[in-house]
Amino acid sequence: MMPSEIAVYGLGVMGRNIALNMADHGLRVAVYNRTSSITEDFVGELPTDSRITAHYSLEDLAAGLSSPRIIFLMTKAGGVVDRVVEGLLPHLDSGDIVIDAGNSHFRDSQRRWEDWRQRGIRFLGVGVSGGEEGARHGPSIMPGGDPEAWPVVRDILQRIAARTEDGASCCQWVGQGAAGHYVKMIHNGIEYGDMQLITEAWQLMRDGLGMPAAEIAATFAHWNQGVLASYLIEITAEILTVTEHDGSLRVNHILDTAGQKGTGRWTAIDALELGVPLTLIGEAVFARALSSMKAERVAAAAQLGSAKVTPASKRVIELDAIRDALYAAKIISYAQGFLQLREAAAEYDWQLAYGEIATLWRAGCIIRSRFLNDIRDAFERDPGLPSLLFDDFFASALRSAEPGWRSAVTLGVQSGIPLPAMGAALSFFDGYRSAVLPAGLLQAQRDYFGAHTYQRTDRDPEQRWHTRWTGDLSEEAIDD
Ligand code: 6PG
């Protein structure tokens, strides 16, 4: 029997689907799962001429692979990845390739790349996005890790990855070390932001404007034909049409406590580490945390009175205003996400191709959208673009959307509708283009209680000063 070209280790739904995707693309695939019955059940459903071969021991798995071996791990993130590779190592040869395709934390991937390189194993930390459907029919794939391993696996990964309408592969080399998992983390942070913004638009229409459910669903479906066209808007329009037997919306029966496996949180934590004002995604993470405080929110509503007021009798703002708010805040969120990629590239010594990353996300992944073409175009116009907000297309889009955006946020404020993402984005927009902010007062406060010193706008910026705020108010030059 011909050796298999790649092994899939881990036959959860994602692992099974990726193995089927590989076989569909002509690859001979070895499969293994720690629980043998799962392997048996999976291969038991396959046609007899399937290219997929089951293995029930690591030794047998390794023996059934061509050299260099390529092992595609579809396991949970965390320590299990290390334990699985420790189990594989005795059966691998120098130069073999281990691909971690789970949602691993980028610091774990950096460590694994460095450690396993010492042990002769070429490591790839690969972000895979698109859920079960994506794994089966074409995910977005964000490979990083050992640059020497990429040419060996490129053909396989690009065969199974999604492609854009114009045929571009949604699998391109991202960068060495943890770059692939970092870009996947940013993808997930942006996903949190997109999802939060959509829920805020939904509540503005439902509670701010008192719109009937069917009209709200139709509005999202209409928006999905324009600049907001995206997978998340598409599924939202679909979800908002699903009713119960009594005609009520199913979504209104779903408990309003958002889960989170952690990738959005990791994004916000690293933004804080890097000093990136990732305000929208940060607020999206906090909004999930607040939603999880259900019992406390119910008690607070009784104690403090519910936030929500009844919608105005007439349509106080146009639907376009909510669309503009959604679109403008989305621009801010992606601008912040790419700002973090820029800072991370500098901090972790990666050379990231931002236009190409936007193309990776153009199809197959959860944040796939028409909007990403505009981002790709912006970085093609200027690869050194400091921020999407300095691109004329996006600057013009924001200027056009601003009036509607402000009126939508105002409606939220006046109606007691929380808009943590839309509101944070508007504050970022106003702050980012403020040549002068009130931070001078903050510096004076820090100097008052902690003698932390300050610079002056009317003197040499290199010179720091301290005022004797509780003494004679004299000011002295402070040299480090
Ligand atoms: C993807 C998704 C996926 C994510 C799940 C759950 O790109 O396919 O982002 O990786 O893990 O959607 O994520 P949360 O539990 O953090 O919402």
# chains A, B, ... in the order shown; residues from 1 in each chain; ligands from 1

call {"tool": "closest_atom_pairs", "arguments": {"of": "chain A", "to": "ligand 1", "cutoff": "6 Å", "atoms": "only C-alpha atoms and all ligand atoms", "output": "tab-separated table"}}
result
residue	atom	partner	partner_atom_place_in_ligand_line	distance
A:Ser129	CA	ligand 1	7 (O)	3.5
A:Gly130	CA	ligand 1	8 (O)	3.9
A:Gly131	CA	ligand 1	8 (O)	4.0
A:Asn188	CA	ligand 1	9 (O)	5.0
A:Gly259	CA	ligand 1	15 (O)	5.7
A:Gln260	CA	ligand 1	15 (O)	3.7
A:Lys261	CA	ligand 1	15 (O)	3.8
A:Gly262	CA	ligand 1	16 (O)	5.0
A:Thr263	CA	ligand 1	16 (O)	5.3
A:Gly264	CA	ligand 1	16 (O)	5.9
A:Cys365	CA	ligand 1	7 (O)	5.7
A:Ile366	CA	ligand 1	7 (O)	5.3

call {"tool": "residues_around", "arguments": {"residues": "stretch 62-76 of chain A", "least_positions_apart": "4", "cutoff": "6 Å", "atoms": "only C-alpha atoms", "output": "list of chain:residue names"}}
result
A:Pro3, A:Ser4, A:Glu5, A:Ile6, A:Ala7, A:Val8, A:Tyr9, A:Gly10, A:Gly15, A:Asp96, A:Ile97, A:Val98, A:Ile99, A:Asp100, A:Ala101, A:Gly102

call {"tool": "write_last_selection", "arguments": {"atoms": "N, CA, C and O atoms", "output": "PDB file, in the first residue's frame"}}
result
ATOM      1  N   PRO A   3       2.323   4.750   0.958  1.00  0.00           N
ATOM      2  CA  PRO A   3       2.271   5.469   2.242  1.00  0.00           C
ATOM      3  C   PRO A   3       1.366   6.697   2.121  1.00  0.00           C
ATOM      4  O   PRO A   3       1.186   7.253   1.036  1.00  0.00           O
ATOM      5  N   SER A   4       0.818   7.101   3.242  1.00  0.00           N
ATOM      6  CA  SER A   4      -0.018   8.314   3.240  1.00  0.00           C
ATOM      7  C   SER A   4       0.870   9.547   3.178  1.00  0.00           C
ATOM      8  O   SER A   4       2.008   9.540   3.651  1.00  0.00           O
ATOM      9  N   GLU A   5       0.328  10.617   2.587  1.00  0.00           N
ATOM     10  CA  GLU A   5       1.114  11.864   2.439  1.00  0.00           C
ATOM     11  C   GLU A   5       1.021  12.761   3.668  1.00  0.00           C
ATOM     12  O   GLU A   5       1.854  13.629   3.903  1.00  0.00           O
ATOM     13  N   ILE A   6      -0.046  12.559   4.436  1.00  0.00           N
ATOM     14  CA  ILE A   6      -0.239  13.384   5.642  1.00  0.00           C
ATOM     15  C   ILE A   6      -1.092  12.601   6.638  1.00  0.00           C
ATOM     16  O   ILE A   6      -1.869  11.724   6.225  1.00  0.00           O
ATOM     17  N   ALA A   7      -0.884  12.886   7.914  1.00  0.00           N
ATOM     18  CA  ALA A   7      -1.716  12.258   8.953  1.00  0.00           C
ATOM     19  C   ALA A   7      -2.542  13.331   9.643  1.00  0.00           C
ATOM     20  O   ALA A   7      -2.069  14.458   9.844  1.00  0.00           O
ATOM     21  N   VAL A   8      -3.783  12.993   9.955  1.00  0.00           N
ATOM     22  CA  VAL A   8      -4.622  13.857  10.806  1.00  0.00           C
ATOM     23  C   VAL A   8      -4.742  13.160  12.150  1.00  0.00           C
ATOM     24  O   VAL A   8      -5.226  12.023  12.238  1.00  0.00           O
ATOM     25  N   TYR A   9      -4.264  13.863  13.173  1.00  0.00           N
ATOM     26  CA  TYR A   9      -4.278  13.324  14.541  1.00  0.00           C
ATOM     27  C   TYR A   9      -5.385  14.060  15.289  1.00  0.00           C
ATOM     28  O   TYR A   9      -5.336  15.267  15.465  1.00  0.00           O
ATOM     29  N   GLY A  10      -6.419  13.311  15.691  1.00  0.00           N
ATOM     30  CA  GLY A  10      -7.549  13.952  16.394  1.00  0.00           C
ATOM     31  C   GLY A  10      -8.768  13.961  15.498  1.00  0.00           C
ATOM     32  O   GLY A  10      -8.795  14.720  14.524  1.00  0.00           O
ATOM     33  N   GLY A  15     -11.372  17.547  12.952  1.00  0.00           N
ATOM     34  CA  GLY A  15     -10.371  16.610  12.415  1.00  0.00           C
ATOM     35  C   GLY A  15     -10.947  15.726  11.330  1.00  0.00           C
ATOM     36  O   GLY A  15     -10.349  15.548  10.261  1.00  0.00           O
ATOM     37  N   ASP A  96      10.906  15.688  10.298  1.00  0.00           N
ATOM     38  CA  ASP A  96       9.453  15.498  10.211  1.00  0.00           C
ATOM     39  C   ASP A  96       8.752  16.786  10.656  1.00  0.00           C
ATOM     40  O   ASP A  96       9.330  17.605  11.382  1.00  0.00           O
ATOM     41  N   ILE A  97       7.512  16.932  10.232  1.00  0.00           N
ATOM     42  CA  ILE A  97       6.770  18.191  10.449  1.00  0.00           C
ATOM     43  C   ILE A  97       5.532  17.941  11.294  1.00  0.00           C
ATOM     44  O   ILE A  97       4.737  17.033  10.988  1.00  0.00           O
ATOM     45  N   VAL A  98       5.382  18.735  12.359  1.00  0.00           N
ATOM     46  CA  VAL A  98       4.159  18.683  13.171  1.00  0.00           C
ATOM     47  C   VAL A  98       3.418  20.009  12.985  1.00  0.00           C
ATOM     48  O   VAL A  98       3.997  21.083  13.199  1.00  0.00           O
ATOM     49  N   ILE A  99       2.183  19.924  12.556  1.00  0.00           N
ATOM     50  CA  ILE A  99       1.350  21.114  12.335  1.00  0.00           C
ATOM     51  C   ILE A  99       0.311  21.166  13.452  1.00  0.00           C
ATOM     52  O   ILE A  99      -0.531  20.284  13.566  1.00  0.00           O
ATOM     53  N   ASP A 100       0.402  22.210  14.288  1.00  0.00           N
ATOM     54  CA  ASP A 100      -0.630  22.406  15.325  1.00  0.00           C
ATOM     55  C   ASP A 100      -1.710  23.320  14.738  1.00  0.00           C
ATOM     56  O   ASP A 100      -1.488  24.523  14.557  1.00  0.00           O
ATOM     57  N   ALA A 101      -2.875  22.750  14.440  1.00  0.00           N
ATOM     58  CA  ALA A 101      -3.936  23.515  13.757  1.00  0.00           C
ATOM     59  C   ALA A 101      -5.056  23.919  14.707  1.00  0.00           C
ATOM     60  O   ALA A 101      -6.123  24.339  14.281  1.00  0.00           O
ATOM     61  N   GLY A 102      -4.778  23.787  16.027  1.00  0.00           N
ATOM     62  CA  GLY A 102      -5.802  24.220  16.992  1.00  0.00           C
ATOM     63  C   GLY A 102      -5.662  25.703  17.293  1.00  0.00           C
ATOM     64  O   GLY A 102      -4.796  26.393  16.743  1.00  0.00           O
TER      65      GLY A 102
END

call {"tool": "residues_around", "arguments": {"residues": "A:Thr241", "least_positions_apart": "6", "cutoff": "9 Å", "atoms": "only C-alpha atoms", "output": "JSON, numbers by chain"}}
result
{"A": [213, 214, 217, 218, 249, 250]}

call {"tool": "residues_around", "arguments": {"residues": "stretch 392-399 of chain A", "least_positions_apart": "3", "cutoff": "6 Å", "atoms": "only C-alpha atoms", "output": "list of chain:residue names"}}
result
A:Ala328, A:Leu389, A:Glu402

call {"tool": "closest_atom_pairs", "arguments": {"of": "stretch 228-314 of chain A", "to": "stretch 335-359 of chain A", "cutoff": "9 Å", "atoms": "only C-alpha atoms", "output": "JSON lines"}}
result
{"residue": "A:Thr267", "atom": "CA", "partner": "A:Gln340", "partner_atom": "CA", "distance": 8.9}
{"residue": "A:Asp270", "atom": "CA", "partner": "A:Gln340", "partner_atom": "CA", "distance": 8.6}
{"residue": "A:Ala271", "atom": "CA", "partner": "A:Gln340", "partner_atom": "CA", "distance": 6.5}
{"residue": "A:Leu274", "atom": "CA", "partner": "A:Glu343", "partner_atom": "CA", "distance": 6.8}
{"residue": "A:Gly275", "atom": "CA", "partner": "A:Glu343", "partner_atom": "CA", "distance": 8.6}
{"residue": "A:Val276", "atom": "CA", "partner": "A:Gln340", "partner_atom": "CA", "distance": 6.0}
{"residue": "A:Pro277", "atom": "CA", "partner": "A:Gln336", "partner_atom": "CA", "distance": 7.1}
{"residue": "A:Leu278", "atom": "CA", "partner": "A:Gln336", "partner_atom": "CA", "distance": 5.5}
{"residue": "A:Thr279", "atom": "CA", "partner": "A:Gln336", "partner_atom": "CA", "distance": 7.8}
{"residue": "A:Leu280", "atom": "CA", "partner": "A:Gln336", "partner_atom": "CA", "distance": 8.0}
{"residue": "A:Ile281", "atom": "CA", "partner": "A:Gly337", "partner_atom": "CA", "distance": 8.3}

call {"tool": "write_last_selection", "arguments": {"atoms": "N, CA and C atoms", "output": "short mmCIF file (atom, residue, chain, number, x, y, z; two decimals), in the first residue's frame"}}
result
data_model
loop_
_atom_site.label_atom_id
_atom_site.label_comp_id
_atom_site.auth_asym_id
_atom_site.auth_seq_id
_atom_site.Cartn_x
_atom_site.Cartn_y
_atom_site.Cartn_z
N THR A 267 -6.53 38.34 22.77
CA THR A 267 -6.25 39.49 21.89
C THR A 267 -6.19 40.78 22.71
N ASP A 270 -3.10 40.98 24.98
CA ASP A 270 -1.85 41.36 24.32
C ASP A 270 -1.88 42.81 23.86
N ALA A 271 -3.09 43.31 23.57
CA ALA A 271 -3.21 44.74 23.23
C ALA A 271 -2.77 45.58 24.42
N LEU A 274 0.94 45.43 24.70
CA LEU A 274 1.65 46.19 23.66
C LEU A 274 1.30 47.68 23.68
N GLY A 275 0.31 48.05 24.52
CA GLY A 275 -0.11 49.46 24.57
C GLY A 275 -0.91 49.87 23.35
N VAL A 276 -1.68 48.92 22.80
CA VAL A 276 -2.50 49.23 21.62
C VAL A 276 -3.92 49.58 22.08
N PRO A 277 -4.48 50.73 21.65
CA PRO A 277 -5.85 51.08 22.06
C PRO A 277 -6.88 50.26 21.31
N LEU A 278 -6.96 48.98 21.66
CA LEU A 278 -7.88 48.05 20.99
C LEU A 278 -9.23 48.15 21.68
N THR A 279 -9.84 49.33 21.58
CA THR A 279 -10.98 49.61 22.46
C THR A 279 -12.23 48.81 22.08
N LEU A 280 -12.49 48.68 20.79
CA LEU A 280 -13.74 48.00 20.42
C LEU A 280 -13.68 46.52 20.79
N ILE A 281 -12.62 45.84 20.42
CA ILE A 281 -12.53 44.40 20.73
C ILE A 281 -12.46 44.19 22.24
#

call {"tool": "closest_residue", "arguments": {"among": "A:Arg315, A:Arg288, A:Arg323, A:His245", "to": "A:Thr257", "atoms": "only C-alpha atoms"}}
result
A:Arg288

call {"tool": "residues_around", "arguments": {"residues": "stretch 18-32 of chain A", "least_positions_apart": "4", "cutoff": "10 Å", "atoms": "only C-alpha atoms", "output": "ChimeraX atom specification"}}
result
/A:2-14,36,38-40,42-43,46,50-58,60-62,64-65,71-74,132-139,156-157,159-161

call {"tool": "write_last_selection", "arguments": {"atoms": "N, CA and C atoms", "output": "short mmCIF file (atom, residue, chain, number, x, y, z; two decimals), in the first residue's frame"}}
result
data_model
loop_
_atom_site.label_atom_id
_atom_site.label_comp_id
_atom_site.auth_asym_id
_atom_site.auth_seq_id
_atom_site.Cartn_x
_atom_site.Cartn_y
_atom_site.Cartn_z
N MET A 2 0.50 2.23 -0.81
CA MET A 2 1.26 3.50 -0.88
C MET A 2 1.21 4.18 0.50
N PRO A 3 2.32 4.75 0.96
CA PRO A 3 2.27 5.47 2.24
C PRO A 3 1.37 6.70 2.12
N SER A 4 0.82 7.10 3.24
CA SER A 4 -0.02 8.31 3.24
C SER A 4 0.87 9.55 3.18
N GLU A 5 0.33 10.62 2.59
CA GLU A 5 1.11 11.86 2.44
C GLU A 5 1.02 12.76 3.67
N ILE A 6 -0.05 12.56 4.44
CA ILE A 6 -0.24 13.38 5.64
C ILE A 6 -1.09 12.60 6.64
N ALA A 7 -0.88 12.89 7.91
CA ALA A 7 -1.72 12.26 8.95
C ALA A 7 -2.54 13.33 9.64
N VAL A 8 -3.78 12.99 9.96
CA VAL A 8 -4.62 13.86 10.81
C VAL A 8 -4.74 13.16 12.15
N TYR A 9 -4.26 13.86 13.17
CA TYR A 9 -4.28 13.32 14.54
C TYR A 9 -5.39 14.06 15.29
N GLY A 10 -6.42 13.31 15.69
CA GLY A 10 -7.55 13.95 16.39
C GLY A 10 -8.77 13.96 15.50
N LEU A 11 -9.74 13.12 15.80
CA LEU A 11 -10.89 12.96 14.91
C LEU A 11 -12.18 13.48 15.55
N GLY A 12 -12.06 14.70 16.13
CA GLY A 12 -13.29 15.42 16.49
C GLY A 12 -13.92 15.87 15.18
N VAL A 13 -14.99 16.68 15.25
CA VAL A 13 -15.65 17.09 14.00
C VAL A 13 -14.67 17.79 13.08
N MET A 14 -13.87 18.70 13.63
CA MET A 14 -12.91 19.44 12.80
C MET A 14 -11.90 18.49 12.16
N SER A 36 -9.63 4.67 20.10
CA SER A 36 -9.70 3.90 18.85
C SER A 36 -11.11 3.77 18.30
N ILE A 38 -13.38 5.88 18.14
CA ILE A 38 -13.71 7.06 17.32
C ILE A 38 -13.13 6.89 15.92
N THR A 39 -11.91 6.35 15.85
CA THR A 39 -11.30 6.07 14.55
C THR A 39 -12.11 5.01 13.80
N GLU A 40 -12.47 3.96 14.51
CA GLU A 40 -13.25 2.89 13.87
C GLU A 40 -14.59 3.42 13.33
N PHE A 42 -15.33 6.42 12.46
CA PHE A 42 -15.11 7.34 11.33
C PHE A 42 -14.82 6.56 10.05
N VAL A 43 -13.85 5.67 10.10
CA VAL A 43 -13.50 4.97 8.85
C VAL A 43 -14.58 3.96 8.46
N LEU A 46 -16.72 5.23 5.75
CA LEU A 46 -16.09 5.67 4.49
C LEU A 46 -16.26 4.61 3.41
N SER A 50 -11.78 4.60 -0.14
CA SER A 50 -11.38 5.90 0.41
C SER A 50 -9.85 6.00 0.48
N ARG A 51 -9.36 7.23 0.33
CA ARG A 51 -7.91 7.48 0.45
C ARG A 51 -7.49 7.60 1.91
N ILE A 52 -8.46 7.40 2.80
CA ILE A 52 -8.20 7.58 4.23
C ILE A 52 -7.89 6.23 4.86
N THR A 53 -6.76 6.15 5.58
CA THR A 53 -6.35 4.90 6.22
C THR A 53 -6.33 5.08 7.73
N ALA A 54 -6.93 4.14 8.44
CA ALA A 54 -7.00 4.22 9.90
C ALA A 54 -5.74 3.63 10.51
N HIS A 55 -5.28 4.24 11.60
CA HIS A 55 -4.15 3.68 12.36
C HIS A 55 -4.54 3.67 13.84
N TYR A 56 -4.09 2.62 14.52
CA TYR A 56 -4.52 2.45 15.91
C TYR A 56 -3.36 2.47 16.89
N SER A 57 -2.16 2.79 16.37
CA SER A 57 -1.04 3.01 17.28
C SER A 57 -0.16 4.09 16.65
N LEU A 58 0.58 4.81 17.47
CA LEU A 58 1.44 5.87 16.95
C LEU A 58 2.56 5.27 16.12
N ASP A 60 2.35 2.56 14.30
CA ASP A 60 1.76 2.19 13.01
C ASP A 60 1.48 3.44 12.17
N LEU A 61 1.05 4.49 12.86
CA LEU A 61 0.78 5.76 12.15
C LEU A 61 2.05 6.27 11.49
N ALA A 62 3.13 6.29 12.28
CA ALA A 62 4.40 6.80 11.76
C ALA A 62 4.91 5.93 10.61
N GLY A 64 3.20 4.41 8.52
CA GLY A 64 2.35 4.50 7.31
C GLY A 64 2.50 5.81 6.56
N LEU A 65 3.48 6.63 6.94
CA LEU A 65 3.62 7.96 6.34
C LEU A 65 4.86 8.05 5.46
N ILE A 71 2.36 15.65 10.19
CA ILE A 71 1.27 15.28 11.10
C ILE A 71 0.46 16.53 11.45
N PHE A 72 -0.81 16.51 11.10
CA PHE A 72 -1.71 17.66 11.25
C PHE A 72 -2.52 17.43 12.52
N LEU A 73 -2.18 18.16 13.58
CA LEU A 73 -2.86 17.97 14.87
C LEU A 73 -4.15 18.77 14.91
N MET A 74 -5.25 18.08 15.13
CA MET A 74 -6.53 18.78 15.35
C MET A 74 -7.02 18.42 16.75
N GLU A 132 -16.74 23.99 11.36
CA GLU A 132 -16.84 22.65 10.77
C GLU A 132 -17.01 22.72 9.25
N GLU A 133 -17.84 23.66 8.80
CA GLU A 133 -18.07 23.83 7.36
C GLU A 133 -16.76 24.20 6.65
N GLY A 134 -16.02 25.07 7.28
CA GLY A 134 -14.75 25.49 6.69
C GLY A 134 -13.78 24.34 6.60
N ALA A 135 -13.69 23.56 7.69
CA ALA A 135 -12.76 22.43 7.68
C ALA A 135 -13.12 21.47 6.57
N ARG A 136 -14.43 21.28 6.33
CA ARG A 136 -14.88 20.30 5.34
C ARG A 136 -14.72 20.79 3.90
N HIS A 137 -15.01 22.06 3.69
CA HIS A 137 -15.08 22.55 2.30
C HIS A 137 -14.10 23.67 1.97
N GLY A 138 -13.28 24.06 2.95
CA GLY A 138 -12.29 25.10 2.62
C GLY A 138 -12.19 26.16 3.70
N PRO A 139 -11.27 25.98 4.64
CA PRO A 139 -11.08 27.00 5.68
C PRO A 139 -10.12 28.08 5.22
N ILE A 156 -0.25 21.00 -0.06
CA ILE A 156 -1.34 20.31 0.65
C ILE A 156 -2.30 21.33 1.26
N LEU A 157 -1.75 22.31 1.98
CA LEU A 157 -2.62 23.27 2.69
C LEU A 157 -3.39 24.15 1.70
N ARG A 159 -4.29 23.28 -1.26
CA ARG A 159 -5.34 22.48 -1.93
C ARG A 159 -6.63 22.46 -1.09
N ILE A 160 -6.49 22.42 0.24
CA ILE A 160 -7.69 22.25 1.09
C ILE A 160 -8.26 23.59 1.56
N ALA A 161 -7.51 24.67 1.33
CA ALA A 161 -7.97 25.98 1.83
C ALA A 161 -9.03 26.57 0.92
#

call {"tool": "select_by_dssp", "arguments": {"residues": "stretch 94-160 of chain A", "states": "helix (DSSP H, G or I)", "output": "VMD selection string"}}
result
chain A and resid 106 to 118 131 to 137 150 to 160

call {"tool": "select_by_dssp", "arguments": {"residues": "stretch 198-418 of chain A", "states": "strand (DSSP E or B)", "output": "list in words"}}
result
Ser230, Thr243, Leu249 and Ser369 of chain A

call {"tool": "atom_distance", "arguments": {"atom1": "atom CA of A:Cys170", "atom2": "atom CA of A:Arg362"}}
result
7.1 Å

call {"tool": "residues_around", "arguments": {"residues": "A:Thr457", "least_positions_apart": "5", "cutoff": "12 Å", "atoms": "only C-alpha atoms", "output": "PDB file with N, CA, C and O atoms, in the first residue's frame"}}
result
ATOM      1  N   VAL A 436      -5.163  67.603  20.182  1.00  0.00           N
ATOM      2  CA  VAL A 436      -4.931  67.859  21.618  1.00  0.00           C
ATOM      3  C   VAL A 436      -5.979  67.091  22.429  1.00  0.00           C
ATOM      4  O   VAL A 436      -7.179  67.197  22.181  1.00  0.00           O
ATOM      5  N   GLY A 440      -2.955  66.390  29.456  1.00  0.00           N
ATOM      6  CA  GLY A 440      -2.054  67.295  30.180  1.00  0.00           C
ATOM      7  C   GLY A 440      -2.452  67.395  31.644  1.00  0.00           C
ATOM      8  O   GLY A 440      -1.606  67.385  32.541  1.00  0.00           O
ATOM      9  N   GLU A 462      12.426  67.196  25.118  1.00  0.00           N
ATOM     10  CA  GLU A 462      13.305  66.226  25.784  1.00  0.00           C
ATOM     11  C   GLU A 462      13.412  66.499  27.285  1.00  0.00           C
ATOM     12  O   GLU A 462      13.783  65.639  28.069  1.00  0.00           O
ATOM     13  N   GLN A 463      13.117  67.742  27.660  1.00  0.00           N
ATOM     14  CA  GLN A 463      13.270  68.144  29.067  1.00  0.00           C
ATOM     15  C   GLN A 463      12.017  67.802  29.862  1.00  0.00           C
ATOM     16  O   GLN A 463      10.911  68.084  29.431  1.00  0.00           O
ATOM     17  N   ARG A 464      12.199  67.184  31.017  1.00  0.00           N
ATOM     18  CA  ARG A 464      11.053  66.887  31.890  1.00  0.00           C
ATOM     19  C   ARG A 464      11.038  67.859  33.060  1.00  0.00           C
ATOM     20  O   ARG A 464      12.078  68.394  33.455  1.00  0.00           O
ATOM     21  N   TRP A 465       9.829  68.095  33.618  1.00  0.00           N
ATOM     22  CA  TRP A 465       9.659  69.112  34.665  1.00  0.00           C
ATOM     23  C   TRP A 465       8.857  68.542  35.840  1.00  0.00           C
ATOM     24  O   TRP A 465       8.081  67.587  35.665  1.00  0.00           O
TER      25      TRP A 465
END

call {"tool": "residues_around", "arguments": {"residues": "A:Ile367", "least_positions_apart": "5", "cutoff": "8 Å", "atoms": "only C-alpha atoms", "output": "compact mmCIF listing (two decimals) with N, CA, C and O atoms, in the first residue's frame"}}
result
# COMPACT_ATOMS: atom_id res chain seq x y z
N HIS A 187 -7.73 37.53 14.23
CA HIS A 187 -8.98 37.20 13.51
C HIS A 187 -10.11 36.99 14.50
O HIS A 187 -11.20 37.54 14.36
N ILE A 190 -11.24 40.21 16.17
CA ILE A 190 -12.08 40.97 15.24
C ILE A 190 -13.47 40.32 15.13
O ILE A 190 -14.50 41.00 15.09
N GLU A 191 -13.49 39.00 15.16
CA GLU A 191 -14.75 38.25 15.14
C GLU A 191 -15.61 38.66 16.33
O GLU A 191 -16.81 38.93 16.20
N ASP A 194 -17.00 42.13 15.56
CA ASP A 194 -18.08 42.09 14.56
C ASP A 194 -19.37 41.57 15.17
O ASP A 194 -20.46 42.13 14.95
N SER A 230 -21.31 40.08 4.50
CA SER A 230 -20.36 39.23 5.24
C SER A 230 -21.08 37.98 5.74
O SER A 230 -22.32 37.95 5.82
N TYR A 231 -20.30 37.00 6.11
CA TYR A 231 -20.84 35.74 6.64
C TYR A 231 -21.65 36.01 7.91
O TYR A 231 -22.75 35.50 8.07
N LEU A 232 -21.13 36.84 8.80
CA LEU A 232 -21.81 37.06 10.08
C LEU A 232 -23.13 37.81 9.89
O LEU A 232 -24.12 37.52 10.57
N TRP A 361 -8.37 36.28 4.88
CA TRP A 361 -9.66 36.34 5.59
C TRP A 361 -10.82 36.58 4.63
O TRP A 361 -11.97 36.68 5.07
N ARG A 362 -10.54 36.67 3.34
CA ARG A 362 -11.58 37.05 2.37
C ARG A 362 -12.57 35.92 2.15
O ARG A 362 -13.72 36.15 1.83

call {"tool": "atom_distance", "arguments": {"atom1": "atom CA of A:Asp460", "atom2": "atom CA of A:Asp430"}}
result
27.8 Å

call {"tool": "atom_distance", "arguments": {"atom1": "atom CA of A:Gly189", "atom2": "atom CA of A:Val174"}}
result
17.5 Å

call {"tool": "decode", "arguments": {"residues": "stretch 236-245 of chain A", "atoms": "N, CA, C and O atoms", "output": "PDB file, in the first residue's frame"}}
result
ATOM      1  N   THR A 236     -26.799  36.125  10.605  1.00  0.00           N
ATOM      2  CA  THR A 236     -27.682  36.865  11.527  1.00  0.00           C
ATOM      3  C   THR A 236     -29.066  37.038  10.905  1.00  0.00           C
ATOM      4  O   THR A 236     -30.088  36.801  11.561  1.00  0.00           O
ATOM      5  N   ALA A 237     -29.097  37.402   9.642  1.00  0.00           N
ATOM      6  CA  ALA A 237     -30.385  37.567   8.953  1.00  0.00           C
ATOM      7  C   ALA A 237     -31.163  36.256   8.982  1.00  0.00           C
ATOM      8  O   ALA A 237     -32.384  36.229   9.202  1.00  0.00           O
ATOM      9  N   GLU A 238     -30.440  35.147   8.827  1.00  0.00           N
ATOM     10  CA  GLU A 238     -31.067  33.810   8.835  1.00  0.00           C
ATOM     11  C   GLU A 238     -31.570  33.475  10.247  1.00  0.00           C
ATOM     12  O   GLU A 238     -32.723  33.084  10.445  1.00  0.00           O
ATOM     13  N   ILE A 239     -30.719  33.682  11.229  1.00  0.00           N
ATOM     14  CA  ILE A 239     -31.075  33.344  12.624  1.00  0.00           C
ATOM     15  C   ILE A 239     -32.337  34.101  13.041  1.00  0.00           C
ATOM     16  O   ILE A 239     -33.220  33.558  13.716  1.00  0.00           O
ATOM     17  N   LEU A 240     -32.446  35.349  12.598  1.00  0.00           N
ATOM     18  CA  LEU A 240     -33.572  36.198  13.027  1.00  0.00           C
ATOM     19  C   LEU A 240     -34.867  35.872  12.301  1.00  0.00           C
ATOM     20  O   LEU A 240     -35.875  36.559  12.462  1.00  0.00           O
ATOM     21  N   THR A 241     -34.858  34.812  11.476  1.00  0.00           N
ATOM     22  CA  THR A 241     -36.125  34.368  10.866  1.00  0.00           C
ATOM     23  C   THR A 241     -36.612  33.066  11.505  1.00  0.00           C
ATOM     24  O   THR A 241     -37.730  32.640  11.246  1.00  0.00           O
ATOM     25  N   VAL A 242     -35.797  32.436  12.331  1.00  0.00           N
ATOM     26  CA  VAL A 242     -36.166  31.121  12.901  1.00  0.00           C
ATOM     27  C   VAL A 242     -37.133  31.323  14.063  1.00  0.00           C
ATOM     28  O   VAL A 242     -36.842  32.050  15.015  1.00  0.00           O
ATOM     29  N   THR A 243     -38.320  30.709  13.929  1.00  0.00           N
ATOM     30  CA  THR A 243     -39.350  30.901  14.968  1.00  0.00           C
ATOM     31  C   THR A 243     -39.709  29.576  15.628  1.00  0.00           C
ATOM     32  O   THR A 243     -39.460  28.505  15.102  1.00  0.00           O
ATOM     33  N   GLU A 244     -40.328  29.712  16.780  1.00  0.00           N
ATOM     34  CA  GLU A 244     -40.857  28.566  17.523  1.00  0.00           C
ATOM     35  C   GLU A 244     -42.254  28.254  16.988  1.00  0.00           C
ATOM     36  O   GLU A 244     -42.799  28.999  16.164  1.00  0.00           O
ATOM     37  N   HIS A 245     -42.850  27.174  17.513  1.00  0.00           N
ATOM     38  CA  HIS A 245     -44.201  26.818  17.050  1.00  0.00           C
ATOM     39  C   HIS A 245     -45.200  27.943  17.321  1.00  0.00           C
ATOM     40  O   HIS A 245     -46.138  28.152  16.555  1.00  0.00           O
TER      41      HIS A 245
END
